[in-house]
Amino acid sequence: MAVIPEKRWIFAPDPDSTTVASIRQALNISPLLARLLAQRGIETPAAAREFFEPALTNLHSPWLMCDMDLAVDRLIRALQTNEKVLVLGDYDVDGITSVALVVSYLRPLGDAPDTPEEQSRFQPYIPDRHREGYGISMQAVDFAKNSGFGLVISLDCGIKAGEQVAYANSLGVDFIISDHHLPGEELPPALAVLNPKRLDCSYPYPDLSGCGVGFKLLQGLTEKLNLPLEPLYAQLDLVTVSIAADVVPVTGENRVLAAYGLRRFNTTQAAAHSAISQPAAHAAADTLDGPGPLTHQAAATDYPTDGLRPGLAALHELAAPRQGPLNLSSIVFGFAPRINAAGRMGDAHRAVNMLLADNQQEARYTAEVVDHMNQERRLSDARTTQEALALIAEDPAGATAPATVLYQAHWPQGVLGIVASRCLDQYYRPTVILTERDGLATGSARSVSGFDVHEVLEACAPLLRQFGGHRAAAGLALPIENVPAFREQFMREVAARLPVGQLPVRPVDIDGWLDFTQLTEEFLTQLSRLEPYGPGNPAPVFASAGVRASPGSVRPVGVAGHLKMRLTQPGQSPGVALEAIGFGLGHYLPRLLEAPDALLNVCYSLEMNEFRGQRSLQLRLLDVRWE
């Protein structure tokens with residue numbers, strides 16, 4: 001049963017004209033660009049300048065985060081006493097980049113020069129997805145104790161691991177929890193719990209990625225030891241990958257981190273080092289007085305201030321994303337699936353090793369392994385998605401149910417989140433996909449825009465063994481015999497939170513109407529000042545009325561339901577013709593072909609298409625309506 005998803009066009013309200021004029025005059029920018037800033041909540045010229053020119057000097061102090069002093073002091077004690085430190089992270093992109101971030105920063109700080117990787121005091125640990133499950137496991141605690149690790153730093157996980165941390169305490173193993181997921185009613189009894197979402201935490205920006213929280217820990221360490229900042233800023237390529245892959249808001253501090261990280265992705269080796277600002281207070285000393293010697297074994301100049309670490313450079317070559325500068329979308333589609341595939345299809349340590357590789361040969365080898373695992377993941381993903389969509393189509397109530405809950409014992413655990421997202425793309429409703437593991441039904445939940453799936457899982461908690469995550473995505477486990485009751489209650493709880501008798505409708509937020517004559521390369525250059533785009537700062541979306549497909553230009557693209565056509569606007573801009581591509585809009589093809597002269601209203605984002613050295617403006621269609 002084919003489903004044509006309905007979409008609701010939502011136009012941004014007109015901003016205050018005085019605010020727009022003030023920003024336009026102060027920054028000498030176009031009225032339309034000033035309007036877009038005001039629509040994004042930028043209300044003063046000073047805020048506009050800060051938005052256009054994100055600076056690392058505007059990062060918040062790490063000491064505003066609760067328990068930062070405890071975490072930094074404990075880490076310094078480990079460095080001073082040559083203590084072994086286990087760096088544990090989740091098996092997704094955010095966790096993998098977090099572990100690589102902390103390990104790659106601490107090794108030159110605490111190991112002797114030329115220490116073999118296997119003998120480093122700082123060892124990565126990623127839980128096995130199938131044997132241990134998500135987060136901190138009892139097996140991980142036992143491993144730390146039996147292997148002589150006195151301190152464990154958990155990244156992107158651990159905020160609900162009270163039992164496991166209590167067990168570690170009983171064994172004399174200290175924990176620093178660094179996480180960004182929603183806490184439960186009680187925090188784990190760790191020595192320090194870094195999480196900007198803690199209710200008692202006054203940190204001004206709660207939306208950091210897991211890797212971003214790890215970065216703040218290293219920022220605190222750097223400031224406390226009065227070390228140079230270049231080695232810390234050299235890690236921003238990893239932080240940027242985590243921001244893109246974990247779909248956190250690209251606002252505030254995340255926007256600053258992502259802007260500088262993308263600069264590392266896109267600059268050449270000749271990029272100016274001066275782009276990174278350094279307070280003089282941190283530029284000199286690189287030693288610590290204490291019971292044990294501590295110096296930064298690699299001077300600041302040994303760290304590249306531009307370009308990618310070998311692992312990401314090798315992955316970039318294999319991923320071959322679109323031509324032109326990389327953006328967060330390029331990272332989401334080119335890098336993130338390959339890094340994720342290691343944890344989904346086998347051993348996530350392979351992805352960590354790729355990111356920690358210090359030479360091109362090793363990086364290339366591990367990147368090829370990871371890329372091969374991603375190819376296997378794509379095949380598994382496609383098979384499972386096909387089965388899941390068939391189950392929905394075969395269910396008489398599948399097309400009209402307020403939510404989707406599917407369980408099949410044979411489905412591979414590693415692709416359930418992807419499959420849930422695919423089903424949501426097709427049917428646009430909260431979705432839970434479950435499989436069997438170790439006698440439990442385990443899986444992933446994904447939600448639609450503005451709907452809190454974590455809240456629904458809380459309401460279903462008596463039926464669950466465990467759950468955790470965000471408003472938009474979560475993981476869960478429950479006894480298999482509870483699946484029918486869970487499906488019924490999940491449907492009921494979702495329906496209770498929707499308008500009576502209505503299903504979720506996919507929103508399309510639109511900044512305003514434009515004529516085709518306004519769509520120029522110069523205009524696109526102006527828009528680029530709003531980048532990087534992402535949640536909280538999306539690419540501008542415009543609508544144009546009274547357009548028509550040029551004769552013979554409407555055609556399908558690929559096998560995944562895309563379409564392409566050339567559009568003109570006879571009444572407003574008769575001399576302008578623009579290519580347009582609509583990913584996932586192939587269901588409009590029959591109607592477009594049946595009535596080729598129909599007038600259309602279209603909404604779209606504007607992009608530069610680069611193919612074989614040729615550049616041309618292109619509309620990326622989001623929806624089509626008939627006048």
# chains A, B, ... in the order shown; residues from 1 in each chain; ligands from 1

$ residues_around --residues "segment 405-415 of chain A" --least-positions-apart "6" --cutoff "6 Å" --atoms "only C-alpha atoms" --output "list in words"
Arg344, Asp381, Thr431, Val432, Ile433, Leu434, Thr435, Glu436 and Arg487 of chain A

$ residues_around --residues "Ile23 of chain A" --least-positions-apart "5" --cutoff "10 Å" --atoms "only C-alpha atoms" --output "list in words"
Thr18, Asn28, Ile29, Ser30, Pro31, Leu33, Ala34, Arg35, Leu37, Ala38, Ile42, Glu43, Thr44, Pro45, Ala46, Ala47, Ala48 and Arg49 of chain A

$ write_last_selection --atoms "C-alpha atoms" --output "PDB file, in the first residue's frame"
ATOM      1  CA  THR A  18      12.428  47.957  13.398  1.00  0.00           C
ATOM      2  CA  ASN A  28      25.197  46.587   5.810  1.00  0.00           C
ATOM      3  CA  ILE A  29      23.423  43.436   4.612  1.00  0.00           C
ATOM      4  CA  SER A  30      20.412  42.879   2.387  1.00  0.00           C
ATOM      5  CA  PRO A  31      16.917  43.341   3.823  1.00  0.00           C
ATOM      6  CA  LEU A  33      19.187  38.440   5.051  1.00  0.00           C
ATOM      7  CA  ALA A  34      18.360  40.747   7.962  1.00  0.00           C
ATOM      8  CA  ARG A  35      14.825  39.384   7.922  1.00  0.00           C
ATOM      9  CA  LEU A  37      18.274  36.666  11.071  1.00  0.00           C
ATOM     10  CA  ALA A  38      15.341  38.229  12.893  1.00  0.00           C
ATOM     11  CA  ILE A  42      18.604  37.370  16.325  1.00  0.00           C
ATOM     12  CA  GLU A  43      17.309  40.691  17.630  1.00  0.00           C
ATOM     13  CA  THR A  44      20.323  43.012  17.925  1.00  0.00           C
ATOM     14  CA  PRO A  45      23.270  43.982  15.717  1.00  0.00           C
ATOM     15  CA  ALA A  46      25.652  42.595  18.362  1.00  0.00           C
ATOM     16  CA  ALA A  47      23.901  39.222  18.327  1.00  0.00           C
ATOM     17  CA  ALA A  48      23.974  39.261  14.522  1.00  0.00           C
ATOM     18  CA  ARG A  49      27.722  39.904  14.446  1.00  0.00           C
TER      19      ARG A  49
END

$ select_by_dssp --residues "segment 74-211 of chain A" --states "strand (DSSP E)" --output "ChimeraX atom specification"
/A:85-89,122-125,151-155,174-178,192-194

$ residues_around --residues "Arg625 of chain A" --least-positions-apart "4" --cutoff "7 Å" --atoms "only C-alpha atoms" --output "compact mmCIF listing (two decimals) with N, CA and C atoms, in the first residue's frame"
# COMPACT_ATOMS: atom_id res chain seq x y z
N LEU A 600 1.94 25.29 -10.47
CA LEU A 600 2.31 24.69 -9.20
C LEU A 600 2.78 25.74 -8.21
N ASN A 601 2.62 25.44 -6.95
CA ASN A 601 3.34 26.13 -5.89
C ASN A 601 4.37 25.15 -5.35
N VAL A 602 5.61 25.60 -5.17
CA VAL A 602 6.67 24.71 -4.69
C VAL A 602 7.37 25.35 -3.50

$ closest_atom_pairs --of "segment 397-486 of chain A" --to "segment 504-527 of chain A" --cutoff "9 Å" --atoms "only C-alpha atoms" --output "tab-separated table"
residue	atom	partner	partner_atom	distance
A:Pro402	CA	A:Pro504	CA	7.7
A:Tyr428	CA	A:Pro504	CA	6.7
A:Arg429	CA	A:Pro504	CA	6.0
A:Pro430	CA	A:Pro504	CA	8.7
A:Val448	CA	A:Pro504	CA	7.5
A:Ser449	CA	A:Arg506	CA	7.5

$ write_last_selection --atoms "all heavy atoms" --output "PDB file, in the first residue's frame"
ATOM      1  N   PRO A 402      -2.010   5.467  15.175  1.00  0.00           N
ATOM      2  CA  PRO A 402      -1.279   6.662  15.623  1.00  0.00           C
ATOM      3  C   PRO A 402       0.212   6.433  15.782  1.00  0.00           C
ATOM      4  O   PRO A 402       0.983   7.390  15.890  1.00  0.00           O
ATOM      5  CB  PRO A 402      -1.932   6.976  16.973  1.00  0.00           C
ATOM      6  CG  PRO A 402      -2.438   5.653  17.459  1.00  0.00           C
ATOM      7  CD  PRO A 402      -2.884   4.916  16.228  1.00  0.00           C
ATOM      8  N   TYR A 428       5.335   8.581   8.921  1.00  0.00           N
ATOM      9  CA  TYR A 428       5.388   9.768   9.778  1.00  0.00           C
ATOM     10  C   TYR A 428       4.519   9.631  11.028  1.00  0.00           C
ATOM     11  O   TYR A 428       3.511  10.316  11.209  1.00  0.00           O
ATOM     12  CB  TYR A 428       5.028  11.040   9.027  1.00  0.00           C
ATOM     13  CG  TYR A 428       5.566  12.276   9.737  1.00  0.00           C
ATOM     14  CD1 TYR A 428       6.933  12.486   9.807  1.00  0.00           C
ATOM     15  CD2 TYR A 428       4.725  13.185  10.359  1.00  0.00           C
ATOM     16  CE1 TYR A 428       7.455  13.583  10.473  1.00  0.00           C
ATOM     17  CE2 TYR A 428       5.221  14.285  11.033  1.00  0.00           C
ATOM     18  CZ  TYR A 428       6.597  14.478  11.100  1.00  0.00           C
ATOM     19  OH  TYR A 428       7.113  15.561  11.769  1.00  0.00           O
ATOM     20  N   ARG A 429       4.947   8.745  11.899  1.00  0.00           N
ATOM     21  CA  ARG A 429       4.343   8.604  13.225  1.00  0.00           C
ATOM     22  C   ARG A 429       5.372   7.966  14.150  1.00  0.00           C
ATOM     23  O   ARG A 429       6.314   7.312  13.671  1.00  0.00           O
ATOM     24  CB  ARG A 429       3.078   7.753  13.160  1.00  0.00           C
ATOM     25  CG  ARG A 429       3.302   6.330  12.715  1.00  0.00           C
ATOM     26  CD  ARG A 429       2.077   5.780  12.049  1.00  0.00           C
ATOM     27  NE  ARG A 429       1.712   6.587  10.912  1.00  0.00           N
ATOM     28  CZ  ARG A 429       0.661   6.334  10.141  1.00  0.00           C
ATOM     29  NH1 ARG A 429      -0.122   5.327  10.401  1.00  0.00           N
ATOM     30  NH2 ARG A 429       0.394   7.094   9.103  1.00  0.00           N
ATOM     31  N   PRO A 430       5.244   8.175  15.459  1.00  0.00           N
ATOM     32  CA  PRO A 430       6.210   7.570  16.387  1.00  0.00           C
ATOM     33  C   PRO A 430       6.333   6.070  16.126  1.00  0.00           C
ATOM     34  O   PRO A 430       5.328   5.371  15.937  1.00  0.00           O
ATOM     35  CB  PRO A 430       5.598   7.865  17.762  1.00  0.00           C
ATOM     36  CG  PRO A 430       4.791   9.113  17.549  1.00  0.00           C
ATOM     37  CD  PRO A 430       4.232   8.988  16.162  1.00  0.00           C
ATOM     38  N   VAL A 448       8.399  11.820  15.709  1.00  0.00           N
ATOM     39  CA  VAL A 448       8.155  12.887  14.741  1.00  0.00           C
ATOM     40  C   VAL A 448       8.466  14.229  15.390  1.00  0.00           C
ATOM     41  O   VAL A 448       8.651  14.328  16.613  1.00  0.00           O
ATOM     42  CB  VAL A 448       6.693  12.852  14.260  1.00  0.00           C
ATOM     43  CG1 VAL A 448       6.395  11.526  13.592  1.00  0.00           C
ATOM     44  CG2 VAL A 448       5.721  13.108  15.412  1.00  0.00           C
ATOM     45  N   SER A 449       8.524  15.259  14.578  1.00  0.00           N
ATOM     46  CA  SER A 449       8.880  16.592  15.052  1.00  0.00           C
ATOM     47  C   SER A 449       7.924  17.063  16.148  1.00  0.00           C
ATOM     48  O   SER A 449       6.699  17.002  15.993  1.00  0.00           O
ATOM     49  CB  SER A 449       8.846  17.579  13.878  1.00  0.00           C
ATOM     50  OG  SER A 449       9.073  18.896  14.304  1.00  0.00           O
TER      51      SER A 449
END

$ atom_distance --atom1 "atom CA of Val369 of chain A" --atom2 "atom CA of Arg263 of chain A"
27.1 Å

$ closest_residue --among "A:Pro538, A:Gly41, A:Gly150, A:Gly417" --to "Asp14 of chain A" --atoms "only C-alpha atoms"
A:Gly41

$ residues_around --residues "segment 137-149 of chain A" --least-positions-apart "2" --cutoff "8 Å" --atoms "only C-alpha atoms" --output "PyMOL selection string"
chain A and resi 83-86+127+132-135+151-152+164+167-168+171-173

$ write_last_selection --atoms "N, CA, C and O atoms" --output "JSON list (two decimals), in the first residue's frame"
[["chain", "number", "residue", "atom", "x", "y", "z"],
["A", 83, "GLU", "N", 48.34, 6.60, 36.83],
["A", 83, "GLU", "CA", 47.24, 5.65, 36.97],
["A", 83, "GLU", "C", 46.69, 5.29, 35.59],
["A", 83, "GLU", "O", 46.66, 6.11, 34.66],
["A", 84, "LYS", "N", 46.24, 4.06, 35.44],
["A", 84, "LYS", "CA", 45.61, 3.63, 34.21],
["A", 84, "LYS", "C", 44.17, 4.14, 34.15],
["A", 84, "LYS", "O", 43.44, 4.07, 35.14],
["A", 85, "VAL", "N", 43.78, 4.65, 32.98],
["A", 85, "VAL", "CA", 42.46, 5.24, 32.80],
["A", 85, "VAL", "C", 41.76, 4.53, 31.65],
["A", 85, "VAL", "O", 42.29, 4.46, 30.53],
["A", 86, "LEU", "N", 40.56, 4.03, 31.92],
["A", 86, "LEU", "CA", 39.75, 3.40, 30.89],
["A", 86, "LEU", "C", 38.75, 4.43, 30.38],
["A", 86, "LEU", "O", 38.01, 5.04, 31.15],
["A", 127, "PRO", "N", 31.48, -0.94, 24.61],
["A", 127, "PRO", "CA", 30.76, -2.18, 24.93],
["A", 127, "PRO", "C", 30.29, -2.89, 23.68],
["A", 127, "PRO", "O", 29.91, -2.25, 22.69],
["A", 132, "GLU", "N", 26.88, -6.99, 25.62],
["A", 132, "GLU", "CA", 26.77, -6.11, 26.77],
["A", 132, "GLU", "C", 25.59, -5.14, 26.70],
["A", 132, "GLU", "O", 25.10, -4.67, 27.72],
["A", 133, "GLY", "N", 25.17, -4.82, 25.48],
["A", 133, "GLY", "CA", 24.10, -3.84, 25.34],
["A", 133, "GLY", "C", 24.62, -2.43, 25.49],
["A", 133, "GLY", "O", 25.82, -2.16, 25.49],
["A", 134, "TYR", "N", 23.67, -1.52, 25.65],
["A", 134, "TYR", "CA", 23.99, -0.09, 25.68],
["A", 134, "TYR", "C", 24.62, 0.31, 27.01],
["A", 134, "TYR", "O", 24.24, -0.17, 28.08],
["A", 135, "GLY", "N", 25.59, 1.21, 26.95],
["A", 135, "GLY", "CA", 26.10, 1.89, 28.15],
["A", 135, "GLY", "C", 27.06, 1.06, 28.97],
["A", 135, "GLY", "O", 27.74, 0.16, 28.47],
["A", 151, "LEU", "N", 40.50, 4.36, 37.28],
["A", 151, "LEU", "CA", 39.55, 5.40, 36.91],
["A", 151, "LEU", "C", 38.92, 5.04, 35.56],
["A", 151, "LEU", "O", 39.62, 4.64, 34.63],
["A", 152, "VAL", "N", 37.61, 5.20, 35.48],
["A", 152, "VAL", "CA", 36.87, 5.03, 34.23],
["A", 152, "VAL", "C", 36.19, 6.35, 33.91],
["A", 152, "VAL", "O", 35.51, 6.93, 34.76],
["A", 164, "GLN", "N", 25.55, -0.15, 38.22],
["A", 164, "GLN", "CA", 26.89, -0.49, 37.75],
["A", 164, "GLN", "C", 27.95, 0.38, 38.44],
["A", 164, "GLN", "O", 29.04, -0.11, 38.80],
["A", 167, "TYR", "N", 28.49, -0.78, 41.95],
["A", 167, "TYR", "CA", 29.33, -1.98, 41.93],
["A", 167, "TYR", "C", 30.79, -1.60, 41.75],
["A", 167, "TYR", "O", 31.68, -2.15, 42.43],
["A", 168, "ALA", "N", 31.07, -0.66, 40.86],
["A", 168, "ALA", "CA", 32.45, -0.21, 40.66],
["A", 168, "ALA", "C", 33.00, 0.39, 41.95],
["A", 168, "ALA", "O", 34.17, 0.16, 42.30],
["A", 171, "LEU", "N", 34.35, -2.04, 44.28],
["A", 171, "LEU", "CA", 35.61, -2.65, 43.85],
["A", 171, "LEU", "C", 36.77, -1.66, 43.90],
["A", 171, "LEU", "O", 37.90, -2.02, 43.56],
["A", 172, "GLY", "N", 36.49, -0.42, 44.28],
["A", 172, "GLY", "CA", 37.55, 0.58, 44.34],
["A", 172, "GLY", "C", 37.88, 1.22, 43.01],
["A", 172, "GLY", "O", 38.97, 1.76, 42.83],
["A", 173, "VAL", "N", 36.94, 1.17, 42.06],
["A", 173, "VAL", "CA", 37.13, 1.79, 40.74],
["A", 173, "VAL", "C", 36.30, 3.07, 40.69],
["A", 173, "VAL", "O", 35.08, 3.03, 40.90]]

$ decode --residues "segment 466-477 of chain A" --atoms "all heavy atoms" --output "PDB file, in the first residue's frame"
ATOM      1  N   GLN A 466      14.107  -1.595  30.794  1.00  0.00           N
ATOM      2  CA  GLN A 466      14.925  -0.385  30.824  1.00  0.00           C
ATOM      3  C   GLN A 466      14.643   0.433  29.569  1.00  0.00           C
ATOM      4  O   GLN A 466      14.152  -0.082  28.563  1.00  0.00           O
ATOM      5  CB  GLN A 466      16.418  -0.706  30.898  1.00  0.00           C
ATOM      6  CG  GLN A 466      16.977  -1.449  29.704  1.00  0.00           C
ATOM      7  CD  GLN A 466      18.447  -1.800  29.862  1.00  0.00           C
ATOM      8  OE1 GLN A 466      18.893  -2.144  30.945  1.00  0.00           O
ATOM      9  NE2 GLN A 466      19.190  -1.708  28.775  1.00  0.00           N
ATOM     10  N   PHE A 467      14.940   1.734  29.653  1.00  0.00           N
ATOM     11  CA  PHE A 467      14.817   2.618  28.505  1.00  0.00           C
ATOM     12  C   PHE A 467      15.615   3.880  28.785  1.00  0.00           C
ATOM     13  O   PHE A 467      15.945   4.194  29.929  1.00  0.00           O
ATOM     14  CB  PHE A 467      13.344   2.975  28.211  1.00  0.00           C
ATOM     15  CG  PHE A 467      12.698   3.849  29.238  1.00  0.00           C
ATOM     16  CD1 PHE A 467      12.639   5.224  29.080  1.00  0.00           C
ATOM     17  CD2 PHE A 467      12.149   3.296  30.393  1.00  0.00           C
ATOM     18  CE1 PHE A 467      12.049   6.039  30.031  1.00  0.00           C
ATOM     19  CE2 PHE A 467      11.554   4.095  31.351  1.00  0.00           C
ATOM     20  CZ  PHE A 467      11.511   5.473  31.175  1.00  0.00           C
ATOM     21  N   GLY A 468      15.907   4.631  27.734  1.00  0.00           N
ATOM     22  CA  GLY A 468      16.625   5.886  27.894  1.00  0.00           C
ATOM     23  C   GLY A 468      16.835   6.537  26.546  1.00  0.00           C
ATOM     24  O   GLY A 468      16.754   5.880  25.506  1.00  0.00           O
ATOM     25  N   GLY A 469      17.075   7.849  26.570  1.00  0.00           N
ATOM     26  CA  GLY A 469      17.322   8.551  25.324  1.00  0.00           C
ATOM     27  C   GLY A 469      16.846   9.980  25.358  1.00  0.00           C
ATOM     28  O   GLY A 469      16.926  10.650  26.390  1.00  0.00           O
ATOM     29  N   HIS A 470      16.303  10.456  24.230  1.00  0.00           N
ATOM     30  CA  HIS A 470      15.904  11.845  24.044  1.00  0.00           C
ATOM     31  C   HIS A 470      14.424  11.916  23.705  1.00  0.00           C
ATOM     32  O   HIS A 470      13.737  10.916  23.571  1.00  0.00           O
ATOM     33  CB  HIS A 470      16.685  12.488  22.886  1.00  0.00           C
ATOM     34  CG  HIS A 470      18.156  12.339  22.970  1.00  0.00           C
ATOM     35  ND1 HIS A 470      18.930  13.097  23.811  1.00  0.00           N
ATOM     36  CD2 HIS A 470      19.012  11.524  22.301  1.00  0.00           C
ATOM     37  CE1 HIS A 470      20.207  12.769  23.645  1.00  0.00           C
ATOM     38  NE2 HIS A 470      20.278  11.814  22.742  1.00  0.00           N
ATOM     39  N   ARG A 471      13.962  13.149  23.469  1.00  0.00           N
ATOM     40  CA  ARG A 471      12.593  13.363  22.995  1.00  0.00           C
ATOM     41  C   ARG A 471      12.363  12.690  21.642  1.00  0.00           C
ATOM     42  O   ARG A 471      11.299  12.151  21.395  1.00  0.00           O
ATOM     43  CB  ARG A 471      12.318  14.866  22.845  1.00  0.00           C
ATOM     44  CG  ARG A 471      12.203  15.629  24.134  1.00  0.00           C
ATOM     45  CD  ARG A 471      12.111  17.128  23.860  1.00  0.00           C
ATOM     46  NE  ARG A 471      11.042  17.444  22.922  1.00  0.00           N
ATOM     47  CZ  ARG A 471       9.794  17.722  23.280  1.00  0.00           C
ATOM     48  NH1 ARG A 471       9.456  17.713  24.560  1.00  0.00           N
ATOM     49  NH2 ARG A 471       8.879  18.016  22.367  1.00  0.00           N
ATOM     50  N   ALA A 472      13.371  12.740  20.787  1.00  0.00           N
ATOM     51  CA  ALA A 472      13.193  12.270  19.415  1.00  0.00           C
ATOM     52  C   ALA A 472      13.644  10.837  19.196  1.00  0.00           C
ATOM     53  O   ALA A 472      13.268  10.222  18.195  1.00  0.00           O
ATOM     54  CB  ALA A 472      13.938  13.186  18.452  1.00  0.00           C
ATOM     55  N   ALA A 473      14.461  10.279  20.084  1.00  0.00           N
ATOM     56  CA  ALA A 473      15.004   8.935  19.872  1.00  0.00           C
ATOM     57  C   ALA A 473      15.309   8.298  21.215  1.00  0.00           C
ATOM     58  O   ALA A 473      15.737   8.971  22.148  1.00  0.00           O
ATOM     59  CB  ALA A 473      16.263   9.001  19.009  1.00  0.00           C
ATOM     60  N   ALA A 474      15.102   6.986  21.291  1.00  0.00           N
ATOM     61  CA  ALA A 474      15.342   6.290  22.556  1.00  0.00           C
ATOM     62  C   ALA A 474      15.615   4.825  22.272  1.00  0.00           C
ATOM     63  O   ALA A 474      15.310   4.304  21.188  1.00  0.00           O
ATOM     64  CB  ALA A 474      14.137   6.436  23.495  1.00  0.00           C
ATOM     65  N   GLY A 475      16.186   4.165  23.261  1.00  0.00           N
ATOM     66  CA  GLY A 475      16.353   2.722  23.228  1.00  0.00           C
ATOM     67  C   GLY A 475      15.557   2.107  24.361  1.00  0.00           C
ATOM     68  O   GLY A 475      15.304   2.761  25.384  1.00  0.00           O
ATOM     69  N   LEU A 476      15.167   0.835  24.207  1.00  0.00           N
ATOM     70  CA  LEU A 476      14.346   0.206  25.232  1.00  0.00           C
ATOM     71  C   LEU A 476      14.529  -1.297  25.207  1.00  0.00           C
ATOM     72  O   LEU A 476      14.999  -1.871  24.215  1.00  0.00           O
ATOM     73  CB  LEU A 476      12.873   0.551  25.040  1.00  0.00           C
ATOM     74  CG  LEU A 476      12.166   0.026  23.777  1.00  0.00           C
ATOM     75  CD1 LEU A 476      10.659  -0.077  24.016  1.00  0.00           C
ATOM     76  CD2 LEU A 476      12.432   0.943  22.588  1.00  0.00           C
ATOM     77  N   ALA A 477      14.173  -1.933  26.333  1.00  0.00           N
ATOM     78  CA  ALA A 477      14.182  -3.383  26.457  1.00  0.00           C
ATOM     79  C   ALA A 477      13.017  -3.783  27.350  1.00  0.00           C
ATOM     80  O   ALA A 477      12.698  -3.090  28.331  1.00  0.00           O
ATOM     81  CB  ALA A 477      15.501  -3.879  27.037  1.00  0.00           C
TER      82      ALA A 477
END
